[in-house]
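J.: Next comes the structure file target_34.cif, holding mmCIF, N, CA, C and O atoms.
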data_protein
#
loop_
_atom_site.label_atom_id
_atom_site.label_comp_id
_atom_site.auth_asym_id
_atom_site.auth_seq_id
_atom_site.Cartn_x
_atom_site.Cartn_y
_atom_site.Cartn_z
N ASP A 100 -6.63 -24.40 7.81
CA ASP A 100 -7.22 -23.36 8.63
C ASP A 100 -6.09 -22.48 9.18
O ASP A 100 -5.28 -22.93 9.99
N THR A 101 -6.05 -21.26 8.73
CA THR A 101 -4.98 -20.34 9.12
C THR A 101 -4.98 -20.09 10.62
O THR A 101 -3.91 -20.04 11.25
N GLN A 102 -6.14 -19.95 11.23
CA GLN A 102 -6.20 -19.69 12.67
C GLN A 102 -5.65 -20.88 13.46
O GLN A 102 -4.91 -20.70 14.42
N ARG A 103 -5.98 -22.09 13.05
CA ARG A 103 -5.46 -23.29 13.72
C ARG A 103 -3.94 -23.34 13.60
O ARG A 103 -3.23 -23.63 14.55
N LEU A 104 -3.43 -23.03 12.42
CA LEU A 104 -1.98 -23.02 12.20
C LEU A 104 -1.32 -21.95 13.06
O LEU A 104 -0.28 -22.19 13.67
N LEU A 105 -1.94 -20.80 13.15
CA LEU A 105 -1.42 -19.72 13.99
C LEU A 105 -1.40 -20.15 15.46
O LEU A 105 -0.44 -19.88 16.19
N ASP A 106 -2.44 -20.85 15.91
CA ASP A 106 -2.48 -21.35 17.28
C ASP A 106 -1.33 -22.32 17.55
O ASP A 106 -0.70 -22.28 18.60
N VAL A 107 -1.05 -23.18 16.58
CA VAL A 107 0.03 -24.17 16.73
C VAL A 107 1.39 -23.49 16.84
O VAL A 107 2.18 -23.79 17.75
N VAL A 108 1.69 -22.56 15.94
CA VAL A 108 3.00 -21.91 15.99
C VAL A 108 3.11 -20.98 17.20
O VAL A 108 4.20 -20.80 17.75
N ALA A 109 1.99 -20.43 17.65
CA ALA A 109 2.01 -19.59 18.87
C ALA A 109 2.34 -20.45 20.08
O ALA A 109 3.13 -20.04 20.95
N GLU A 110 1.77 -21.64 20.17
CA GLU A 110 2.07 -22.54 21.28
C GLU A 110 3.54 -22.98 21.23
O GLU A 110 4.21 -23.04 22.27
N GLN A 111 4.05 -23.26 20.04
CA GLN A 111 5.47 -23.60 19.91
C GLN A 111 6.35 -22.45 20.38
O GLN A 111 7.33 -22.65 21.09
N THR A 112 5.98 -21.25 20.00
CA THR A 112 6.75 -20.06 20.38
C THR A 112 6.76 -19.88 21.88
O THR A 112 7.81 -19.64 22.49
N ARG A 113 5.60 -20.01 22.52
CA ARG A 113 5.52 -19.87 23.98
C ARG A 113 6.37 -20.94 24.67
O ARG A 113 7.11 -20.64 25.62
N SER A 114 6.31 -22.16 24.17
CA SER A 114 7.10 -23.25 24.76
C SER A 114 8.60 -22.99 24.61
O SER A 114 9.38 -23.20 25.55
N LEU A 115 9.01 -22.54 23.44
CA LEU A 115 10.43 -22.23 23.22
C LEU A 115 10.89 -21.09 24.12
O LEU A 115 12.00 -21.13 24.66
N CYS A 116 10.06 -20.08 24.29
CA CYS A 116 10.42 -18.95 25.16
C CYS A 116 10.55 -19.40 26.61
O CYS A 116 11.46 -18.95 27.31
N GLU A 117 9.69 -20.31 27.05
CA GLU A 117 9.82 -20.85 28.40
C GLU A 117 11.15 -21.59 28.55
O GLU A 117 11.82 -21.48 29.58
N GLY A 118 11.54 -22.33 27.52
CA GLY A 118 12.83 -23.01 27.54
C GLY A 118 14.00 -22.04 27.60
O GLY A 118 14.98 -22.28 28.31
N LEU A 119 13.89 -20.95 26.85
CA LEU A 119 14.93 -19.92 26.91
C LEU A 119 15.04 -19.34 28.31
O LEU A 119 16.14 -19.13 28.83
N GLN A 120 13.91 -19.08 28.93
CA GLN A 120 13.91 -18.51 30.28
C GLN A 120 14.53 -19.48 31.29
O GLN A 120 15.32 -19.06 32.14
N ARG A 121 14.20 -20.77 31.18
CA ARG A 121 14.78 -21.77 32.09
C ARG A 121 16.30 -21.86 31.91
O ARG A 121 17.03 -22.06 32.87
N ALA A 122 16.76 -21.71 30.66
CA ALA A 122 18.19 -21.81 30.37
C ALA A 122 18.91 -20.49 30.56
O ALA A 122 20.13 -20.42 30.36
N ASP A 123 18.18 -19.44 30.92
CA ASP A 123 18.74 -18.10 31.09
C ASP A 123 19.44 -17.65 29.81
O ASP A 123 20.57 -17.16 29.82
N GLU A 124 18.76 -17.86 28.69
CA GLU A 124 19.26 -17.47 27.37
C GLU A 124 18.24 -16.56 26.71
O GLU A 124 17.06 -16.56 27.06
N LYS A 125 18.71 -15.82 25.73
CA LYS A 125 17.84 -15.00 24.89
C LYS A 125 18.23 -15.25 23.44
O LYS A 125 19.36 -15.59 23.15
N ALA A 126 17.27 -15.07 22.55
CA ALA A 126 17.52 -15.27 21.12
C ALA A 126 17.17 -14.00 20.37
O ALA A 126 16.32 -13.23 20.80
N ARG A 127 17.81 -13.83 19.25
CA ARG A 127 17.55 -12.64 18.45
C ARG A 127 16.90 -12.96 17.11
O ARG A 127 16.25 -12.12 16.51
N THR A 128 17.06 -14.20 16.63
CA THR A 128 16.52 -14.57 15.33
C THR A 128 15.45 -15.65 15.50
O THR A 128 15.65 -16.62 16.22
N VAL A 129 14.31 -15.45 14.84
CA VAL A 129 13.23 -16.43 14.84
C VAL A 129 13.02 -16.90 13.41
O VAL A 129 13.05 -16.09 12.47
N THR A 130 12.86 -18.22 13.24
CA THR A 130 12.66 -18.81 11.92
C THR A 130 11.39 -19.65 11.94
O THR A 130 11.15 -20.41 12.87
N LEU A 131 10.59 -19.49 10.91
CA LEU A 131 9.37 -20.27 10.73
C LEU A 131 9.57 -21.19 9.54
O LEU A 131 9.98 -20.74 8.47
N LYS A 132 9.32 -22.49 9.74
CA LYS A 132 9.39 -23.46 8.64
C LYS A 132 7.98 -23.95 8.35
O LYS A 132 7.22 -24.27 9.27
N VAL A 133 7.62 -23.97 7.09
CA VAL A 133 6.31 -24.47 6.66
C VAL A 133 6.53 -25.49 5.56
O VAL A 133 7.24 -25.21 4.58
N ARG A 134 5.93 -26.68 5.74
CA ARG A 134 5.98 -27.70 4.69
C ARG A 134 4.55 -27.90 4.20
O ARG A 134 3.64 -28.17 4.98
N TYR A 135 4.40 -27.75 2.90
CA TYR A 135 3.08 -27.90 2.29
C TYR A 135 2.77 -29.37 2.01
O TYR A 135 3.65 -30.23 2.15
N ALA A 136 1.53 -29.65 1.62
CA ALA A 136 1.09 -31.02 1.38
C ALA A 136 1.92 -31.73 0.32
O ALA A 136 2.12 -32.94 0.38
N ASP A 137 2.46 -30.99 -0.65
CA ASP A 137 3.28 -31.59 -1.70
C ASP A 137 4.75 -31.73 -1.28
O ASP A 137 5.61 -32.01 -2.11
N PHE A 138 5.04 -31.52 0.01
CA PHE A 138 6.37 -31.63 0.61
C PHE A 138 7.31 -30.47 0.26
O PHE A 138 8.47 -30.49 0.62
N THR A 139 6.83 -29.46 -0.42
CA THR A 139 7.62 -28.26 -0.63
C THR A 139 7.80 -27.60 0.73
O THR A 139 6.83 -27.42 1.47
N THR A 140 9.04 -27.26 1.06
CA THR A 140 9.34 -26.67 2.35
C THR A 140 9.93 -25.28 2.16
O THR A 140 10.82 -25.09 1.34
N ILE A 141 9.41 -24.33 2.93
CA ILE A 141 9.95 -22.97 2.88
C ILE A 141 10.28 -22.52 4.30
O ILE A 141 9.73 -23.03 5.27
N THR A 142 11.18 -21.59 4.39
CA THR A 142 11.48 -20.97 5.68
C THR A 142 11.43 -19.46 5.52
O THR A 142 11.75 -18.92 4.46
N ARG A 143 11.03 -18.82 6.60
CA ARG A 143 11.03 -17.37 6.67
C ARG A 143 11.67 -17.01 8.01
O ARG A 143 11.33 -17.61 9.04
N ALA A 144 12.59 -16.07 8.02
CA ALA A 144 13.29 -15.71 9.25
C ALA A 144 13.32 -14.20 9.41
O ALA A 144 13.25 -13.45 8.44
N ALA A 145 13.45 -13.79 10.66
CA ALA A 145 13.57 -12.37 10.98
C ALA A 145 14.49 -12.23 12.19
O ALA A 145 14.46 -13.05 13.11
N THR A 146 15.29 -11.19 12.15
CA THR A 146 16.14 -10.86 13.29
C THR A 146 15.50 -9.72 14.06
O THR A 146 15.19 -8.67 13.48
N LEU A 147 15.29 -9.95 15.33
CA LEU A 147 14.65 -8.96 16.20
C LEU A 147 15.62 -7.84 16.55
O LEU A 147 16.84 -8.05 16.51
N PRO A 148 15.13 -6.68 16.93
CA PRO A 148 16.02 -5.56 17.25
C PRO A 148 16.91 -5.81 18.47
O PRO A 148 17.97 -5.24 18.59
N ARG A 149 16.43 -6.69 19.37
CA ARG A 149 17.24 -7.00 20.55
C ARG A 149 16.96 -8.44 20.97
O ARG A 149 15.88 -8.97 20.71
N PRO A 150 17.91 -9.08 21.64
CA PRO A 150 17.68 -10.45 22.11
C PRO A 150 16.51 -10.49 23.10
O PRO A 150 16.32 -9.55 23.88
N THR A 151 15.73 -11.57 23.07
CA THR A 151 14.57 -11.68 23.94
C THR A 151 14.30 -13.13 24.31
O THR A 151 14.72 -14.04 23.59
N ASP A 152 13.58 -13.32 25.40
CA ASP A 152 13.06 -14.64 25.78
C ASP A 152 11.55 -14.53 26.03
O ASP A 152 10.95 -15.38 26.63
N SER A 153 10.95 -13.47 25.52
CA SER A 153 9.54 -13.16 25.76
C SER A 153 8.67 -13.51 24.55
O SER A 153 8.90 -13.00 23.45
N ALA A 154 7.67 -14.35 24.78
CA ALA A 154 6.74 -14.69 23.71
C ALA A 154 5.99 -13.45 23.24
O ALA A 154 5.65 -13.34 22.05
N THR A 155 5.76 -12.50 24.13
CA THR A 155 5.08 -11.26 23.76
C THR A 155 5.87 -10.50 22.70
O THR A 155 5.29 -9.90 21.80
N ASP A 156 7.21 -10.55 22.79
CA ASP A 156 8.05 -9.89 21.80
C ASP A 156 8.10 -10.64 20.48
O ASP A 156 8.19 -10.05 19.41
N VAL A 157 8.05 -11.98 20.56
CA VAL A 157 8.28 -12.82 19.38
C VAL A 157 7.01 -13.11 18.59
O VAL A 157 7.05 -13.17 17.35
N LEU A 158 5.88 -13.26 19.26
CA LEU A 158 4.65 -13.67 18.57
C LEU A 158 4.24 -12.76 17.41
O LEU A 158 3.86 -13.28 16.34
N PRO A 159 4.31 -11.44 17.52
CA PRO A 159 3.95 -10.62 16.36
C PRO A 159 4.84 -10.90 15.15
O PRO A 159 4.36 -10.89 14.01
N GLU A 160 6.11 -11.19 15.40
CA GLU A 160 7.01 -11.49 14.29
C GLU A 160 6.68 -12.85 13.66
O GLU A 160 6.71 -13.00 12.44
N VAL A 161 6.32 -13.82 14.49
CA VAL A 161 5.92 -15.14 13.97
C VAL A 161 4.67 -15.00 13.11
O VAL A 161 4.56 -15.59 12.03
N GLU A 162 3.72 -14.21 13.56
CA GLU A 162 2.50 -13.96 12.78
C GLU A 162 2.83 -13.31 11.44
O GLU A 162 2.27 -13.67 10.40
N ARG A 163 3.74 -12.35 11.46
CA ARG A 163 4.15 -11.68 10.22
C ARG A 163 4.82 -12.67 9.28
O ARG A 163 4.55 -12.68 8.07
N LEU A 164 5.70 -13.53 9.82
CA LEU A 164 6.37 -14.53 8.99
C LEU A 164 5.36 -15.49 8.38
O LEU A 164 5.47 -15.85 7.20
N LEU A 165 4.36 -15.91 9.16
CA LEU A 165 3.33 -16.81 8.65
C LEU A 165 2.54 -16.14 7.53
O LEU A 165 2.19 -16.78 6.54
N SER A 166 2.30 -14.84 7.65
CA SER A 166 1.55 -14.13 6.61
C SER A 166 2.34 -14.06 5.29
O SER A 166 1.76 -13.79 4.24
N ARG A 167 3.65 -14.29 5.36
CA ARG A 167 4.49 -14.26 4.15
C ARG A 167 4.60 -15.64 3.50
O ARG A 167 5.46 -15.87 2.67
N THR A 168 3.71 -16.57 3.90
CA THR A 168 3.67 -17.90 3.30
C THR A 168 2.34 -18.08 2.57
O THR A 168 1.48 -17.21 2.62
N ASP A 169 2.18 -19.24 1.94
CA ASP A 169 0.92 -19.57 1.28
C ASP A 169 -0.03 -20.33 2.20
O ASP A 169 -1.02 -20.90 1.73
N ALA A 170 0.28 -20.38 3.49
CA ALA A 170 -0.60 -21.05 4.44
C ALA A 170 -1.97 -20.38 4.39
O ALA A 170 -2.07 -19.16 4.35
N GLY A 171 -2.99 -21.19 4.38
CA GLY A 171 -4.34 -20.65 4.27
C GLY A 171 -4.89 -20.84 2.87
O GLY A 171 -6.09 -20.98 2.68
N THR A 172 -4.00 -20.84 1.88
CA THR A 172 -4.44 -21.11 0.50
C THR A 172 -3.89 -22.44 0.00
O THR A 172 -4.42 -23.00 -0.94
N THR A 173 -2.82 -22.92 0.63
CA THR A 173 -2.20 -24.20 0.29
C THR A 173 -2.19 -25.07 1.54
O THR A 173 -1.80 -24.59 2.61
N PRO A 174 -2.61 -26.34 1.44
CA PRO A 174 -2.61 -27.20 2.62
C PRO A 174 -1.20 -27.36 3.22
O PRO A 174 -0.21 -27.48 2.50
N VAL A 175 -1.14 -27.32 4.54
CA VAL A 175 0.13 -27.40 5.27
C VAL A 175 0.17 -28.72 6.03
O VAL A 175 -0.79 -29.09 6.70
N ARG A 176 1.31 -29.41 5.96
CA ARG A 176 1.47 -30.66 6.69
C ARG A 176 2.40 -30.51 7.88
O ARG A 176 2.42 -31.37 8.76
N LEU A 177 3.22 -29.44 7.94
CA LEU A 177 4.15 -29.25 9.04
C LEU A 177 4.42 -27.76 9.19
O LEU A 177 4.52 -27.04 8.19
N ALA A 178 4.53 -27.33 10.43
CA ALA A 178 4.94 -25.95 10.71
C ALA A 178 5.79 -25.98 11.98
O ALA A 178 5.48 -26.73 12.91
N GLY A 179 6.85 -25.23 11.98
CA GLY A 179 7.72 -25.21 13.14
C GLY A 179 8.41 -23.88 13.32
O GLY A 179 8.62 -23.13 12.37
N VAL A 180 8.74 -23.59 14.57
CA VAL A 180 9.42 -22.34 14.93
C VAL A 180 10.74 -22.71 15.57
O VAL A 180 10.81 -23.64 16.39
N THR A 181 11.80 -22.00 15.19
CA THR A 181 13.10 -22.18 15.83
C THR A 181 13.69 -20.82 16.16
O THR A 181 13.33 -19.81 15.56
N PHE A 182 14.60 -20.83 17.12
CA PHE A 182 15.33 -19.63 17.50
C PHE A 182 16.81 -19.85 17.23
O PHE A 182 17.30 -20.97 17.29
N SER A 183 17.51 -18.77 16.98
CA SER A 183 18.96 -18.81 16.82
C SER A 183 19.53 -17.45 17.21
O SER A 183 18.79 -16.57 17.63
N ASN A 184 20.84 -17.32 17.06
CA ASN A 184 21.51 -16.07 17.40
C ASN A 184 21.32 -15.79 18.90
O ASN A 184 20.78 -14.78 19.31
N PHE A 185 21.78 -16.77 19.72
CA PHE A 185 21.56 -16.75 21.16
C PHE A 185 22.53 -15.84 21.90
O PHE A 185 23.65 -15.63 21.48
N THR A 186 22.05 -15.36 23.06
CA THR A 186 22.83 -14.53 23.97
C THR A 186 22.56 -15.02 25.37
O THR A 186 21.42 -15.31 25.71
N ASP A 187 23.57 -15.07 26.19
CA ASP A 187 23.40 -15.41 27.60
C ASP A 187 22.69 -14.24 28.26
O ASP A 187 23.19 -13.13 28.27
N ALA A 188 21.51 -14.48 28.82
CA ALA A 188 20.71 -13.41 29.41
C ALA A 188 21.41 -12.74 30.58
O ALA A 188 21.21 -11.55 30.84
N SER A 189 22.24 -13.48 31.31
CA SER A 189 22.91 -12.90 32.47
C SER A 189 24.03 -11.95 32.07
O SER A 189 24.55 -11.21 32.89
N ALA A 190 24.42 -11.97 30.79
CA ALA A 190 25.50 -11.10 30.32
C ALA A 190 25.05 -9.64 30.23
O ALA A 190 25.87 -8.75 30.13
N GLY A 191 23.76 -9.41 30.26
CA GLY A 191 23.25 -8.02 30.19
C GLY A 191 23.17 -7.54 28.75
O GLY A 191 23.58 -8.21 27.82
N ALA A 192 22.64 -6.37 28.61
CA ALA A 192 22.47 -5.78 27.28
C ALA A 192 23.80 -5.30 26.74
O ALA A 192 24.66 -4.85 27.48
N ILE A 193 23.94 -5.43 25.45
CA ILE A 193 25.13 -4.92 24.78
C ILE A 193 24.89 -3.45 24.46
O ILE A 193 23.86 -3.10 23.91
N GLU A 194 25.84 -2.64 24.80
CA GLU A 194 25.68 -1.21 24.60
C GLU A 194 26.78 -0.70 23.68
O GLU A 194 27.95 -1.02 23.85
N GLN A 195 26.40 0.08 22.69
CA GLN A 195 27.36 0.70 21.80
C GLN A 195 27.92 1.93 22.49
O GLN A 195 27.19 2.81 22.92
N LEU A 196 29.23 1.97 22.63
CA LEU A 196 29.87 3.09 23.29
C LEU A 196 30.36 4.11 22.28
O LEU A 196 30.77 3.76 21.18
N ASP A 197 30.34 5.38 22.66
CA ASP A 197 30.88 6.44 21.83
C ASP A 197 32.39 6.49 22.04
O ASP A 197 32.87 6.40 23.17
N LEU A 198 33.11 6.62 20.95
CA LEU A 198 34.56 6.75 21.05
C LEU A 198 34.94 8.22 21.05
O LEU A 198 34.38 9.01 20.29
N PRO A 199 35.92 8.57 21.89
CA PRO A 199 36.35 9.97 21.89
C PRO A 199 37.25 10.22 20.69
O PRO A 199 38.32 9.62 20.56
N PHE A 200 36.81 11.05 19.79
CA PHE A 200 37.59 11.36 18.60
C PHE A 200 38.27 12.71 18.77
O PHE A 200 37.70 13.63 19.35
N SER A 201 39.48 12.79 18.24
CA SER A 201 40.21 14.06 18.24
C SER A 201 39.57 14.99 17.23
O SER A 201 38.90 14.56 16.31
N PRO A 202 39.82 16.27 17.36
CA PRO A 202 39.30 17.19 16.35
C PRO A 202 39.85 16.81 14.98
O PRO A 202 40.93 16.22 14.87
N VAL A 203 39.14 17.13 13.95
CA VAL A 203 39.57 16.82 12.59
C VAL A 203 40.81 17.62 12.26
O VAL A 203 40.85 18.84 12.46
N TRP A 204 41.84 16.95 11.79
CA TRP A 204 43.09 17.60 11.43
C TRP A 204 43.10 17.85 9.94
O TRP A 204 42.67 17.02 9.16
N ASP A 205 43.62 18.96 9.54
CA ASP A 205 43.77 19.28 8.13
C ASP A 205 45.03 18.60 7.64
O ASP A 205 46.14 18.99 7.97
N ILE A 206 44.86 17.52 6.87
CA ILE A 206 45.99 16.73 6.41
C ILE A 206 46.84 17.51 5.41
O ILE A 206 48.02 17.32 5.31
N ALA A 207 46.25 18.46 4.69
CA ALA A 207 46.99 19.22 3.67
C ALA A 207 48.03 20.15 4.31
O ALA A 207 48.95 20.58 3.66
N SER A 208 47.91 20.46 5.57
CA SER A 208 48.86 21.40 6.23
C SER A 208 50.19 20.77 6.47
O SER A 208 50.39 19.70 6.78
#
Can I see the file as structure tokens?

T.:
Amino acid sequence: DTQRLLDVVAEQTRSLCEGLQRADEKARTVTLKVRYADFTTITRAATLPRPTDSATDVLPEVERLLSRTDAGTTPVRLAGVTFSNFTDASAGAIEQLDLPFSPVWDIAS
């Protein structure tokens, strides 16, 4: 049942996000592991545009990853969500700075 499987991975995602919030951490990469009845195991991963500890940010990506599996047409015996690519939430957002460049010099001169 695809909806039941989605409920399970959504609950895992919410629980993991609560753990991130308690640890004052954020993650940027989410991985979904699915093991089928014949023990074939696949993983699907995605890197988010910015680090997060919010289930609201992560759940749509988990749903998309699940849609890229055979769940729903092939029996599933295990499903799990993991996070990686962690950032300390108290460190603040990383910002790309502009570098001051000199005017272009004509090297041929």

J.: Run DSSP on the backbone and give me the residues of chain A it puts in alpha helix (DSSP H), as a ChimeraX atom specification.

T.: /A:101-122,154-166

J.: Measure the distance from CA of Val175 (chain A) to atom O of Thr140 (chain A) in Å and round it to one decimal.

T.: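 Interatomic distance here is 11.6 Å.
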
J.: Apply the PyMOL selection byres ((chain A and resi 153-167) around 8) to the structure shown and report the selected residues as number ranges by chain.

T.: A: 105, 108-109, 112-117, 119-120, 124-126, 129-131, 142-145, 147, 149-152, 168-171

J.: If I take CA of Thr181 (chain A) and atom C of Asp100 (chain A), how far is one from the other in Å, to one decimal?

T.: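 Atom C of Asp100 (chain A) lies at a distance of 20.3 Å from CA of Thr181 (chain A).
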
J.: Using the chain letters and numbering of this document, enumerate as an MDAnalysis selection string the residues selected by the PyMOL selection byres ((chain A and resi 133-138) around 5).

T.: chainID A and resid 131:132 139:141 174:178

J.: Please, what distance in Å, to one decimal, runs between CA of Asp123 (chain A) and CA of Val180 (chain A)?

T.: 19.1 Å

J.: Can you pull out every residue from chain A that DSSP, working from the backbone, puts in strand (DSSP E or B), and format the result as JSON, numbers by chain?

T.: {"A": [124, 125, 126, 127, 128, 129, 130, 131, 132, 133, 134, 135, 140, 141, 142, 143, 144, 145, 146, 147, 148, 149, 150, 151, 170, 173, 175, 176, 177, 178, 179, 180, 181, 182, 183, 184, 185, 186, 187]}

J.: When you count all atoms listed in the file, which of these residues is closest to Gln111 (chain A): A:Thr128, A:Asp187, A:Gly179, A:Pro148?

T.: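 The answer is A:Gly179, which sits nearest to Gln111 (chain A).
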
J.: With only N, CA, C and O atoms as the atoms that count, which of A:Arg127, A:Thr172, A:Thr146, A:Asp106 lies nearest to Thr186 (chain A)?

T.: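 Selected residue with least distance to Thr186 (chain A): A:Arg127.
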
J.: Please, could all heavy atoms be added to region 135-144 of chain A and the result written as an mmCIF file, in the frame of the given file?

T.:
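Wrote it out as selection07.cif, contents follow:
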data_model
loop_
_atom_site.group_PDB
_atom_site.id
_atom_site.type_symbol
_atom_site.label_atom_id
_atom_site.label_comp_id
_atom_site.auth_asym_id
_atom_site.auth_seq_id
_atom_site.Cartn_x
_atom_site.Cartn_y
_atom_site.Cartn_z
ATOM 1 N N TYR A 135 4.400 -27.750 2.900
ATOM 2 C CA TYR A 135 3.080 -27.900 2.290
ATOM 3 C C TYR A 135 2.770 -29.370 2.010
ATOM 4 O O TYR A 135 3.650 -30.230 2.150
ATOM 5 C CB TYR A 135 3.010 -27.083 0.996
ATOM 6 C CG TYR A 135 3.234 -25.607 1.221
ATOM 7 C CD1 TYR A 135 4.370 -24.970 0.737
ATOM 8 C CD2 TYR A 135 2.327 -24.845 1.949
ATOM 9 C CE1 TYR A 135 4.590 -23.614 0.962
ATOM 10 C CE2 TYR A 135 2.533 -23.488 2.173
ATOM 11 C CZ TYR A 135 3.666 -22.892 1.682
ATOM 12 O OH TYR A 135 3.879 -21.555 1.903
ATOM 13 N N ALA A 136 1.530 -29.650 1.620
ATOM 14 C CA ALA A 136 1.090 -31.020 1.380
ATOM 15 C C ALA A 136 1.920 -31.730 0.320
ATOM 16 O O ALA A 136 2.120 -32.940 0.380
ATOM 17 C CB ALA A 136 -0.390 -31.022 0.984
ATOM 18 N N ASP A 137 2.460 -30.990 -0.650
ATOM 19 C CA ASP A 137 3.280 -31.590 -1.700
ATOM 20 C C ASP A 137 4.750 -31.730 -1.280
ATOM 21 O O ASP A 137 5.610 -32.010 -2.110
ATOM 22 C CB ASP A 137 3.164 -30.796 -3.003
ATOM 23 C CG ASP A 137 3.762 -29.406 -2.914
ATOM 24 O OD1 ASP A 137 4.225 -29.006 -1.821
ATOM 25 O OD2 ASP A 137 3.759 -28.696 -3.938
ATOM 26 N N PHE A 138 5.040 -31.520 0.010
ATOM 27 C CA PHE A 138 6.370 -31.630 0.610
ATOM 28 C C PHE A 138 7.310 -30.470 0.260
ATOM 29 O O PHE A 138 8.470 -30.490 0.620
ATOM 30 C CB PHE A 138 7.033 -32.979 0.316
ATOM 31 C CG PHE A 138 6.406 -34.104 1.071
ATOM 32 C CD1 PHE A 138 5.366 -34.834 0.516
ATOM 33 C CD2 PHE A 138 6.842 -34.408 2.342
ATOM 34 C CE1 PHE A 138 4.772 -35.860 1.223
ATOM 35 C CE2 PHE A 138 6.262 -35.445 3.056
ATOM 36 C CZ PHE A 138 5.218 -36.171 2.494
ATOM 37 N N THR A 139 6.830 -29.460 -0.420
ATOM 38 C CA THR A 139 7.620 -28.260 -0.630
ATOM 39 C C THR A 139 7.800 -27.600 0.730
ATOM 40 O O THR A 139 6.830 -27.420 1.470
ATOM 41 C CB THR A 139 6.912 -27.279 -1.584
ATOM 42 O OG1 THR A 139 6.686 -27.924 -2.829
ATOM 43 C CG2 THR A 139 7.712 -26.010 -1.786
ATOM 44 N N THR A 140 9.040 -27.260 1.060
ATOM 45 C CA THR A 140 9.340 -26.670 2.350
ATOM 46 C C THR A 140 9.930 -25.280 2.160
ATOM 47 O O THR A 140 10.820 -25.090 1.340
ATOM 48 C CB THR A 140 10.332 -27.541 3.133
ATOM 49 O OG1 THR A 140 9.792 -28.858 3.241
ATOM 50 C CG2 THR A 140 10.594 -26.983 4.514
ATOM 51 N N ILE A 141 9.410 -24.330 2.930
ATOM 52 C CA ILE A 141 9.950 -22.970 2.880
ATOM 53 C C ILE A 141 10.280 -22.520 4.300
ATOM 54 O O ILE A 141 9.730 -23.030 5.270
ATOM 55 C CB ILE A 141 8.959 -21.968 2.236
ATOM 56 C CG1 ILE A 141 7.675 -21.876 3.066
ATOM 57 C CG2 ILE A 141 8.648 -22.345 0.796
ATOM 58 C CD1 ILE A 141 6.899 -20.626 2.807
ATOM 59 N N THR A 142 11.180 -21.590 4.390
ATOM 60 C CA THR A 142 11.480 -20.970 5.680
ATOM 61 C C THR A 142 11.430 -19.460 5.520
ATOM 62 O O THR A 142 11.750 -18.920 4.460
ATOM 63 C CB THR A 142 12.871 -21.375 6.221
ATOM 64 O OG1 THR A 142 13.860 -20.992 5.278
ATOM 65 C CG2 THR A 142 12.947 -22.864 6.493
ATOM 66 N N ARG A 143 11.030 -18.820 6.600
ATOM 67 C CA ARG A 143 11.030 -17.370 6.670
ATOM 68 C C ARG A 143 11.670 -17.010 8.010
ATOM 69 O O ARG A 143 11.330 -17.610 9.040
ATOM 70 C CB ARG A 143 9.605 -16.792 6.627
ATOM 71 C CG ARG A 143 8.826 -17.120 5.358
ATOM 72 C CD ARG A 143 9.381 -16.363 4.171
ATOM 73 N NE ARG A 143 8.626 -16.624 2.961
ATOM 74 C CZ ARG A 143 8.999 -17.473 2.023
ATOM 75 N NH1 ARG A 143 10.097 -18.175 2.161
ATOM 76 N NH2 ARG A 143 8.275 -17.634 0.933
ATOM 77 N N ALA A 144 12.590 -16.070 8.020
ATOM 78 C CA ALA A 144 13.290 -15.710 9.250
ATOM 79 C C ALA A 144 13.320 -14.200 9.410
ATOM 80 O O ALA A 144 13.250 -13.450 8.440
ATOM 81 C CB ALA A 144 14.711 -16.261 9.224
#
